[in-house]
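Enquirer: Below is the file entry.txt, with compact mmCIF, C-alpha atoms.
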```
# COMPACT_ATOMS: atom_id res chain seq x y z
CA MET A 24 -64.48 -16.32 43.39
CA PRO A 25 -64.36 -19.81 44.88
CA GLY A 26 -66.28 -21.31 41.95
CA VAL A 27 -63.67 -20.18 39.49
CA LEU A 28 -60.91 -21.44 41.72
CA ALA A 29 -62.53 -24.82 42.02
CA ALA A 30 -62.89 -25.07 38.24
CA ALA A 31 -59.21 -24.53 37.67
CA THR A 32 -56.71 -27.14 38.65
CA THR A 33 -54.40 -26.69 41.58
CA VAL A 34 -51.37 -26.38 39.32
CA ASP A 35 -52.95 -23.57 37.36
CA SER A 36 -53.88 -21.67 40.51
CA LEU A 37 -50.41 -22.17 41.93
CA THR A 38 -48.77 -21.01 38.70
CA PHE A 39 -50.92 -17.92 38.60
CA ALA A 40 -50.23 -17.13 42.25
CA VAL A 41 -46.47 -17.46 41.87
CA ALA A 42 -46.40 -15.51 38.60
CA ALA A 43 -48.62 -12.79 40.05
CA ALA A 44 -46.37 -12.47 43.09
CA VAL A 45 -43.31 -12.24 40.85
CA ILE A 46 -44.97 -9.65 38.60
CA VAL A 47 -46.15 -7.43 41.43
CA ALA A 48 -42.84 -7.69 43.28
CA GLY A 49 -40.95 -6.77 40.13
CA ALA A 50 -43.26 -3.86 39.38
CA ILE A 51 -42.89 -2.48 42.90
CA GLY A 52 -39.15 -3.00 42.59
CA VAL A 53 -39.04 -0.90 39.42
CA VAL A 54 -40.79 1.94 41.18
CA VAL A 55 -38.90 1.94 44.47
CA SER A 56 -35.35 0.94 43.53
CA ARG A 57 -32.94 3.84 43.69
CA ASN A 58 -30.44 2.43 41.22
CA PRO A 59 -31.64 2.41 37.58
CA VAL A 60 -29.78 -0.86 36.94
CA HIS A 61 -31.72 -2.55 39.72
CA ALA A 62 -34.91 -1.12 38.28
CA ALA A 63 -34.06 -2.64 34.88
CA LEU A 64 -33.42 -6.05 36.45
CA MET A 65 -36.70 -5.82 38.35
CA LEU A 66 -38.37 -5.03 35.04
CA VAL A 67 -36.94 -8.27 33.62
CA MET A 68 -38.51 -10.13 36.52
CA THR A 69 -41.91 -8.64 35.75
CA LEU A 70 -41.56 -9.40 32.05
CA PHE A 71 -40.77 -13.05 32.74
CA GLY A 72 -43.79 -13.29 35.01
CA VAL A 73 -46.00 -11.86 32.29
CA ALA A 74 -44.51 -14.38 29.84
CA VAL A 75 -45.48 -17.19 32.24
CA LEU A 76 -49.04 -15.88 32.30
CA PHE A 77 -49.01 -15.76 28.49
CA VAL A 78 -48.08 -19.44 28.40
CA GLU A 79 -50.77 -20.10 30.97
CA GLN A 80 -53.30 -18.60 28.55
CA GLN A 81 -52.15 -20.58 25.50
CA ALA A 82 -50.31 -17.63 23.95
CA ASN A 83 -47.07 -19.52 23.48
CA PHE A 84 -45.73 -17.49 20.59
CA LEU A 85 -46.34 -14.21 22.41
CA ALA A 86 -44.57 -15.57 25.47
CA ALA A 87 -41.50 -16.35 23.39
CA VAL A 88 -41.66 -12.93 21.73
CA GLN A 89 -42.09 -11.32 25.12
CA VAL A 90 -38.92 -12.93 26.41
CA ILE A 91 -36.91 -12.31 23.25
CA VAL A 92 -38.03 -8.78 22.42
CA TYR A 93 -38.72 -7.31 25.85
CA ALA A 94 -36.22 -9.04 28.09
CA GLY A 95 -33.68 -9.63 25.35
CA ALA A 96 -33.79 -6.39 23.42
CA ILE A 97 -35.61 -3.59 25.19
CA VAL A 98 -34.15 -4.13 28.65
CA VAL A 99 -30.69 -4.61 27.17
CA LEU A 100 -31.18 -1.30 25.36
CA PHE A 101 -32.11 0.27 28.69
CA LEU A 102 -29.00 -1.18 30.29
CA PHE A 103 -26.85 0.02 27.39
CA VAL A 104 -28.12 3.57 27.82
CA ILE A 105 -27.72 3.44 31.59
CA MET A 106 -24.12 2.27 31.26
CA PHE A 107 -23.40 4.61 28.37
CA LEU A 108 -24.62 7.68 30.19
CA GLY A 109 -23.18 6.59 33.51
CA VAL A 110 -26.36 7.38 35.38
CA ASP A 111 -26.17 4.22 37.46
CA ARG A 112 -25.63 6.24 40.60
CA ARG A 113 -28.16 6.09 43.32
CA GLU A 114 -31.00 8.53 43.24
CA ASN A 115 -32.04 10.18 46.46
CA LEU A 116 -35.67 9.23 46.77
CA ALA A 117 -36.08 11.02 50.09
CA GLU A 118 -36.05 14.49 48.64
CA GLU A 119 -39.28 15.58 47.10
CA PRO A 120 -38.91 18.38 44.57
CA LEU A 121 -42.61 19.13 44.34
CA LYS A 122 -44.32 19.41 47.67
CA GLY A 123 -47.25 17.08 48.06
CA GLN A 124 -46.81 15.45 44.69
CA ARG A 125 -46.32 11.94 46.02
CA PRO A 126 -49.38 11.78 48.26
CA LEU A 127 -51.43 13.26 45.46
CA ALA A 128 -50.06 10.70 43.02
CA VAL A 129 -50.83 7.85 45.43
CA VAL A 130 -54.36 9.10 45.98
CA LEU A 131 -54.89 9.50 42.25
CA VAL A 132 -53.58 6.03 41.43
CA VAL A 133 -55.58 4.37 44.21
CA LEU A 134 -58.71 6.14 43.00
CA GLY A 135 -58.02 5.06 39.44
CA LEU A 136 -57.38 1.44 40.43
CA ALA A 137 -60.53 1.38 42.52
CA GLY A 138 -62.46 2.80 39.60
CA ILE A 139 -61.12 0.16 37.23
CA LEU A 140 -61.85 -2.67 39.65
CA VAL A 141 -65.34 -1.42 40.49
CA LEU A 142 -66.14 -1.02 36.83
CA GLY A 143 -64.67 -4.42 36.01
CA ILE A 144 -66.53 -6.26 38.74
CA GLY A 145 -69.75 -4.35 38.80
CA ALA A 146 -70.38 -3.41 35.21
CA ARG A 147 -71.83 -5.70 32.63
CA TRP A 148 -69.34 -5.85 29.84
CA ALA A 149 -70.59 -4.91 26.42
CA VAL A 150 -68.66 -7.48 24.44
CA GLY A 151 -69.16 -7.92 20.78
CA GLN A 152 -69.20 -10.87 18.48
CA LYS A 153 -66.89 -13.69 19.42
CA ALA A 154 -63.95 -14.79 17.31
CA VAL A 155 -63.99 -12.01 14.75
CA ALA A 156 -60.44 -12.72 13.63
CA GLY A 157 -60.46 -16.45 14.16
CA SER A 158 -60.65 -18.53 17.28
CA SER A 159 -57.78 -18.72 19.70
CA ALA A 160 -59.01 -21.81 21.49
CA HIS A 161 -57.05 -24.83 20.26
CA PRO A 162 -56.70 -23.73 16.64
CA SER A 163 -55.30 -26.11 14.09
CA GLY A 164 -51.55 -25.76 13.95
CA GLY A 165 -51.36 -24.14 17.37
CA ASP A 166 -51.43 -20.49 18.27
CA VAL A 167 -48.47 -19.70 16.03
CA ALA A 168 -50.36 -20.72 12.91
CA ALA A 169 -53.52 -18.95 14.03
CA LEU A 170 -51.65 -15.78 14.86
CA GLY A 171 -49.75 -15.86 11.59
CA ARG A 172 -52.93 -16.41 9.63
CA SER A 173 -54.55 -13.49 11.42
CA VAL A 174 -51.61 -11.11 11.06
CA PHE A 175 -51.09 -11.84 7.38
CA THR A 176 -54.74 -11.70 6.38
CA THR A 177 -56.94 -9.61 8.67
CA TYR A 178 -54.22 -7.33 9.95
CA LEU A 179 -51.98 -7.25 6.88
CA TRP A 180 -52.25 -3.49 6.41
CA ALA A 181 -51.39 -2.83 10.05
CA PHE A 182 -48.48 -5.22 9.71
CA GLU A 183 -47.11 -3.30 6.74
CA ILE A 184 -47.49 -0.02 8.63
CA THR A 185 -45.58 -1.66 11.48
CA SER A 186 -42.58 -2.21 9.24
CA ALA A 187 -42.69 1.44 8.19
CA LEU A 188 -42.87 2.43 11.86
CA LEU A 189 -39.79 0.38 12.68
CA VAL A 190 -37.82 1.94 9.84
CA ILE A 191 -38.86 5.42 10.94
CA ALA A 192 -37.85 4.63 14.53
CA VAL A 193 -34.43 3.41 13.43
CA VAL A 194 -33.84 6.49 11.28
CA GLY A 195 -35.03 8.73 14.10
CA ALA A 196 -32.72 7.06 16.60
CA VAL A 197 -29.76 7.44 14.27
CA VAL A 198 -30.53 11.11 13.67
CA LEU A 199 -30.99 11.77 17.39
CA ALA A 200 -27.87 9.95 18.46
CA ARG A 201 -25.33 11.23 15.99
CA ARG A 202 -22.87 13.70 17.33
CA SER A 203 -22.85 16.40 14.68
CA GLY A 204 -25.04 16.69 11.69
CA ILE A 205 -27.77 18.62 10.02
CA VAL A 206 -30.16 18.20 12.92
CA GLY A 207 -29.03 19.16 16.39
CA GLY A 208 -25.29 18.91 16.74
CA ASP A 209 -23.19 20.07 19.61
CA ASP A 210 -23.10 23.73 20.43
CA ALA A 211 -20.05 25.54 21.67
CA GLU A 212 -21.49 25.75 25.19
CA THR A 213 -21.32 22.00 25.61
CA ALA A 214 -18.12 21.44 23.70
CA ASP A 215 -16.08 21.15 26.90
CA SER A 216 -18.16 18.27 28.18
CA ASP A 217 -17.98 16.20 25.06
CA GLY A 218 -14.69 14.50 25.68
CA PRO A 219 -11.68 14.30 23.42
CA GLY A 220 -13.63 13.25 20.37
CA ALA A 221 -15.31 16.63 19.98
CA GLU A 222 -12.23 18.80 20.11
CA PRO A 223 -11.58 20.67 16.89
CA VAL A 224 -8.57 19.57 14.95
CA PRO A 225 -6.13 22.47 14.46
CA GLY A 226 -5.82 23.59 10.87
CA VAL A 227 -9.01 21.89 9.85
CA PRO A 228 -12.13 24.07 9.88
CA ASP A 229 -14.57 22.77 12.42
CA ALA A 230 -17.73 21.39 10.99
CA ASP A 231 -19.80 23.33 13.52
CA ASP A 232 -18.12 26.62 12.68
CA ALA A 233 -18.48 26.05 8.97
CA ARG A 234 -22.16 25.36 9.37
CA GLU A 235 -23.03 28.29 11.57
CA PRO A 236 -23.51 31.04 8.93
CA ALA A 237 -26.07 28.91 7.16
CA PRO A 238 -29.62 29.52 8.34
CA MET B 9 -57.92 -25.08 31.96
CA SER B 10 -56.53 -21.94 33.48
CA LEU B 11 -58.09 -19.59 35.97
CA GLY B 12 -60.96 -17.29 35.22
CA GLY B 13 -60.13 -14.17 33.30
CA GLY B 14 -61.08 -11.86 36.14
CA TRP B 15 -57.95 -12.74 38.09
CA TYR B 16 -55.74 -11.85 35.15
CA LEU B 17 -57.60 -8.60 34.53
CA GLY B 18 -57.29 -7.63 38.18
CA LEU B 19 -53.58 -8.36 38.16
CA ALA B 20 -53.17 -6.31 34.99
CA ALA B 21 -55.02 -3.41 36.61
CA VAL B 22 -52.72 -3.58 39.63
CA VAL B 23 -49.59 -3.65 37.49
CA PHE B 24 -50.90 -0.77 35.40
CA SER B 25 -51.52 1.26 38.54
CA ILE B 26 -48.04 0.55 39.88
CA GLY B 27 -46.58 1.69 36.57
CA ALA B 28 -48.68 4.85 36.59
CA LEU B 29 -47.60 5.57 40.16
CA GLY B 30 -43.95 5.16 39.21
CA LEU B 31 -44.41 7.42 36.22
CA LEU B 32 -45.88 10.08 38.50
CA VAL B 33 -43.40 9.95 41.37
CA ARG B 34 -40.05 9.10 39.82
CA ARG B 35 -37.78 11.79 38.44
CA ASN B 36 -35.25 9.73 36.52
CA VAL B 37 -36.29 9.67 32.88
CA LEU B 38 -35.00 6.12 32.36
CA VAL B 39 -37.00 4.76 35.28
CA MET B 40 -40.04 6.65 33.98
CA PHE B 41 -39.59 4.82 30.68
CA MET B 42 -39.48 1.52 32.52
CA CYS B 43 -42.73 2.41 34.24
CA VAL B 44 -44.26 3.05 30.81
CA GLU B 45 -43.12 -0.43 29.85
CA LEU B 46 -44.88 -1.78 32.93
CA MET B 47 -48.11 -0.12 31.85
CA LEU B 48 -47.75 -1.47 28.32
CA ASN B 49 -47.20 -4.95 29.71
CA ALA B 50 -50.32 -4.69 31.81
CA ALA B 51 -52.26 -3.73 28.70
CA ASN B 52 -50.73 -6.70 26.86
CA LEU B 53 -51.82 -9.03 29.62
CA THR B 54 -55.33 -7.64 29.35
CA PHE B 55 -55.33 -8.19 25.60
CA VAL B 56 -54.22 -11.81 25.93
CA THR B 57 -56.77 -12.43 28.66
CA PHE B 58 -59.58 -11.09 26.53
CA ALA B 59 -58.30 -13.09 23.57
CA ARG B 60 -58.78 -16.20 25.66
CA MET B 61 -62.07 -15.12 27.24
CA LEU B 62 -63.64 -14.16 23.92
CA SER B 63 -61.81 -16.92 22.04
CA ASP B 64 -60.54 -14.41 19.50
CA ILE B 65 -57.00 -14.46 18.17
CA GLY B 66 -57.30 -10.73 17.38
CA GLY B 67 -56.28 -9.90 20.95
CA GLN B 68 -53.01 -11.72 20.49
CA ALA B 69 -52.42 -9.98 17.16
CA LEU B 70 -52.90 -6.65 18.95
CA VAL B 71 -50.30 -7.64 21.52
CA PHE B 72 -47.96 -8.32 18.63
CA PHE B 73 -48.43 -4.77 17.36
CA THR B 74 -48.13 -3.32 20.86
CA LEU B 75 -44.75 -4.99 21.18
CA VAL B 76 -43.56 -3.35 17.97
CA VAL B 77 -44.83 0.06 19.02
CA ALA B 78 -43.20 -0.33 22.44
CA ALA B 79 -39.88 -1.21 20.83
CA ALA B 80 -40.05 1.81 18.53
CA GLU B 81 -41.06 4.05 21.42
CA VAL B 82 -38.15 2.89 23.55
CA VAL B 83 -35.66 3.36 20.72
CA VAL B 84 -36.75 6.92 19.99
CA GLY B 85 -37.18 7.80 23.66
CA LEU B 86 -33.74 6.57 24.63
CA GLY B 87 -32.30 8.42 21.63
CA ILE B 88 -33.86 11.62 22.95
CA VAL B 89 -32.51 10.89 26.43
CA VAL B 90 -29.01 10.42 25.04
CA ALA B 91 -29.29 13.65 23.04
CA ILE B 92 -30.49 15.60 26.09
CA PHE B 93 -27.87 14.05 28.31
CA ARG B 94 -25.14 15.08 25.92
CA ARG B 95 -26.12 18.73 26.40
CA ARG B 96 -27.08 18.81 30.05
CA ARG B 97 -25.21 15.95 31.78
CA ASP B 98 -28.36 15.11 33.61
CA ALA B 99 -31.53 13.28 32.82
CA THR B 100 -33.94 14.37 35.50
CA ALA B 101 -37.43 15.34 34.50
CA ASP B 102 -37.38 18.42 36.73
CA ASP B 103 -34.55 20.02 34.83
CA LEU B 104 -36.04 19.53 31.39
CA HIS B 105 -37.57 22.91 30.78
CA ILE B 106 -35.55 23.76 27.69
CA MET B 107 -38.61 23.87 25.52
CA ARG B 108 -40.59 26.11 27.86
CA GLY B 109 -41.82 29.18 26.02
```
Using the file provided, produce a representation of the structure as structure tokens.
Expert:
Amino acid sequence: MPGVLAAATTVDSLTFAVAAAVIVAGAIGVVVSRNPVHAALMLVMTLFGVAVLFVEQQANFLAAVQVIVYAGAIVVLFLFVIMFLGVDRRENLAEEPLKGQRPLAVVLVVLGLAGILVLGIGARWAVGQKAVAGSSAHPSGGDVAALGRSVFTTYLWAFEITSALLVIAVVGAVVLARRSGIVGGDDAETADSDGPGAEPVPGVPDADDAREPAP
Amino acid sequence: MSLGGGWYLGLAAVVFSIGALGLLVRRNVLVMFMCVELMLNAANLTFVTFARMLSDIGGQALVFFTLVVAAAEVVVGLGIVVAIFRRRRDATADDLHIMRG
């Protein structure tokens, strides 16, 4: 598309090229790196590249949120779990548990990508009315004000549901991660691998044993 | 003004495909989660691109919600991984047939 390239400035094209290279390199790094820690760091690289493209498209607030939430919270959570579980050993990528799965996966993904690109280039997009929820092009007060106005008026109900979703996720994570409790709990078969914290105290009835007769 | 939206959409499609490929070929559950994050990011990039192309802030609002859902998904997913790992000392997708009937 030389016409499009000529319309954009050189700086914009250069920014997109560099960011795209960073994004694709990071994505490939996530897939091929044997160490999960390296994969997480490659993911950070991709996320920063996407944030650059957000800025490039006048989505400044989302770029900041992308860096803070994704790179600052989600990837750190990944790293916490990797360190906590001690799974940062290298994975042998040479062995293939399912015969012929990888070639099939590659063929499937290439077919899917080709389908998306052919549809995107060849098809005439059925796009609806423009600016249903307010314009994003140079709104008054910047994109932060426009986004806030949209989230707290048009999408207020979804926003409220979002808060409920976050609370449910936190409660679910706490329930899943606690050592012994009403849900789950450690069985006797895994008691030896739980470390010193799970050993029953002599003289005190074990919580697991006390709970077992109950249905 | 930035580049035409087609470039961004193409890049998003490529990143989505790489994430899908990783999800299909990797066996480590944590890396599979990261590949899901890649796919979500590609979708976010598409949303922002369409928000600019159609001049509609709704696309950016959707990205906002996608971020929240991704955060919740990661929290619950990693909680499940920790719970499984506590029982099995391994987090490989091949070994997870506990729930098979």
Enquirer: Please report, as JSON lines, each residue of chain B lying at most 6 Å from chain A, together with the nearest pair of atoms and the separation in Å rounded to one decimal; use all atoms listed in the file, and order rows by chain and ascending residue number.
Expert:
```
{"residue": "B:Met9", "atom": "CA", "partner": "A:Ala31", "partner_atom": "CA", "distance": 5.9}
{"residue": "B:Ser10", "atom": "CA", "partner": "A:Asp35", "partner_atom": "CA", "distance": 5.5}
{"residue": "B:Leu11", "atom": "CA", "partner": "A:Ala31", "partner_atom": "CA", "distance": 5.3}
{"residue": "B:Gly12", "atom": "CA", "partner": "A:Val27", "partner_atom": "CA", "distance": 5.8}
{"residue": "B:Ser25", "atom": "CA", "partner": "A:Val132", "partner_atom": "CA", "distance": 5.9}
{"residue": "B:Gly30", "atom": "CA", "partner": "A:Val54", "partner_atom": "CA", "distance": 4.9}
{"residue": "B:Val33", "atom": "CA", "partner": "A:Arg125", "partner_atom": "CA", "distance": 5.8}
{"residue": "B:Leu62", "atom": "CA", "partner": "A:Lys153", "partner_atom": "CA", "distance": 5.6}
{"residue": "B:Ser63", "atom": "CA", "partner": "A:Ser159", "partner_atom": "CA", "distance": 5.0}
{"residue": "B:Asp64", "atom": "CA", "partner": "A:Ala154", "partner_atom": "CA", "distance": 4.1}
{"residue": "B:Ile65", "atom": "CA", "partner": "A:Ser159", "partner_atom": "CA", "distance": 4.6}
{"residue": "B:Gly66", "atom": "CA", "partner": "A:Ala156", "partner_atom": "CA", "distance": 5.3}
{"residue": "B:Ala80", "atom": "CA", "partner": "A:Ala192", "partner_atom": "CA", "distance": 5.4}
{"residue": "B:Val84", "atom": "CA", "partner": "A:Ala196", "partner_atom": "CA", "distance": 5.3}
{"residue": "B:Gly87", "atom": "CA", "partner": "A:Ala196", "partner_atom": "CA", "distance": 5.2}
{"residue": "B:Arg95", "atom": "CA", "partner": "A:Thr213", "partner_atom": "CA", "distance": 5.9}
```
Enquirer: Taking C-alpha atoms for each residue, export the selection above as a PDB file, in the frame of the given file.
Expert:
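New file out-v2.pdb:
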```
ATOM      1  CA  MET B   9     -57.920 -25.080  31.960  1.00  0.00           C
ATOM      2  CA  SER B  10     -56.530 -21.940  33.480  1.00  0.00           C
ATOM      3  CA  LEU B  11     -58.090 -19.590  35.970  1.00  0.00           C
ATOM      4  CA  GLY B  12     -60.960 -17.290  35.220  1.00  0.00           C
ATOM      5  CA  SER B  25     -51.520   1.260  38.540  1.00  0.00           C
ATOM      6  CA  GLY B  30     -43.950   5.160  39.210  1.00  0.00           C
ATOM      7  CA  VAL B  33     -43.400   9.950  41.370  1.00  0.00           C
ATOM      8  CA  LEU B  62     -63.640 -14.160  23.920  1.00  0.00           C
ATOM      9  CA  SER B  63     -61.810 -16.920  22.040  1.00  0.00           C
ATOM     10  CA  ASP B  64     -60.540 -14.410  19.500  1.00  0.00           C
ATOM     11  CA  ILE B  65     -57.000 -14.460  18.170  1.00  0.00           C
ATOM     12  CA  GLY B  66     -57.300 -10.730  17.380  1.00  0.00           C
ATOM     13  CA  ALA B  80     -40.050   1.810  18.530  1.00  0.00           C
ATOM     14  CA  VAL B  84     -36.750   6.920  19.990  1.00  0.00           C
ATOM     15  CA  GLY B  87     -32.300   8.420  21.630  1.00  0.00           C
ATOM     16  CA  ARG B  95     -26.120  18.730  26.400  1.00  0.00           C
TER      17      ARG B  95
END
```
Enquirer: Between CA of Val41 (chain A) and CA of Leu48 (chain B), what is the distance in Å, rounded to a tenth?
Expert: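 Here the two named atoms are 21.0 Å from each other.
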Enquirer: Axis-aligned box over every listed atom of region 29-41 of chain B, padded by 6 Å per side: centre and edges in Å to one decimal, as JSON?
Expert:
```
{"center_x": -41.3, "center_y": 8.3, "center_z": 36.0, "size_x": 24.6, "size_y": 19.0, "size_z": 22.7}
```
Enquirer: Which residue gives the smallest distance to Gly85 (chain B) among B:Leu31, B:Tyr16, B:Met42, B:Ala69, with only C-alpha atoms counted?
Expert: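 Ranked by minimum distance to Gly85 (chain B), first place goes to B:Met42.
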Enquirer: Could you tell me how far CA of Ala59 (chain B) sits from CA of Val71 (chain B), in Å to one decimal place?
Expert: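 Atom-to-atom, CA of Val71 (chain B) and CA of Ala59 (chain B) are spaced 9.9 Å apart.
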Enquirer: Could you tell me which of B:Ile92, B:Val44, B:Phe73, B:Leu38 comes closest to Ile26 (chain B) if we count all atoms listed in the file?
Expert: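 Checking each of B:Ile92, B:Val44, B:Phe73, B:Leu38 against Ile26 (chain B), counting all atoms listed in the file, the winner is B:Val44.
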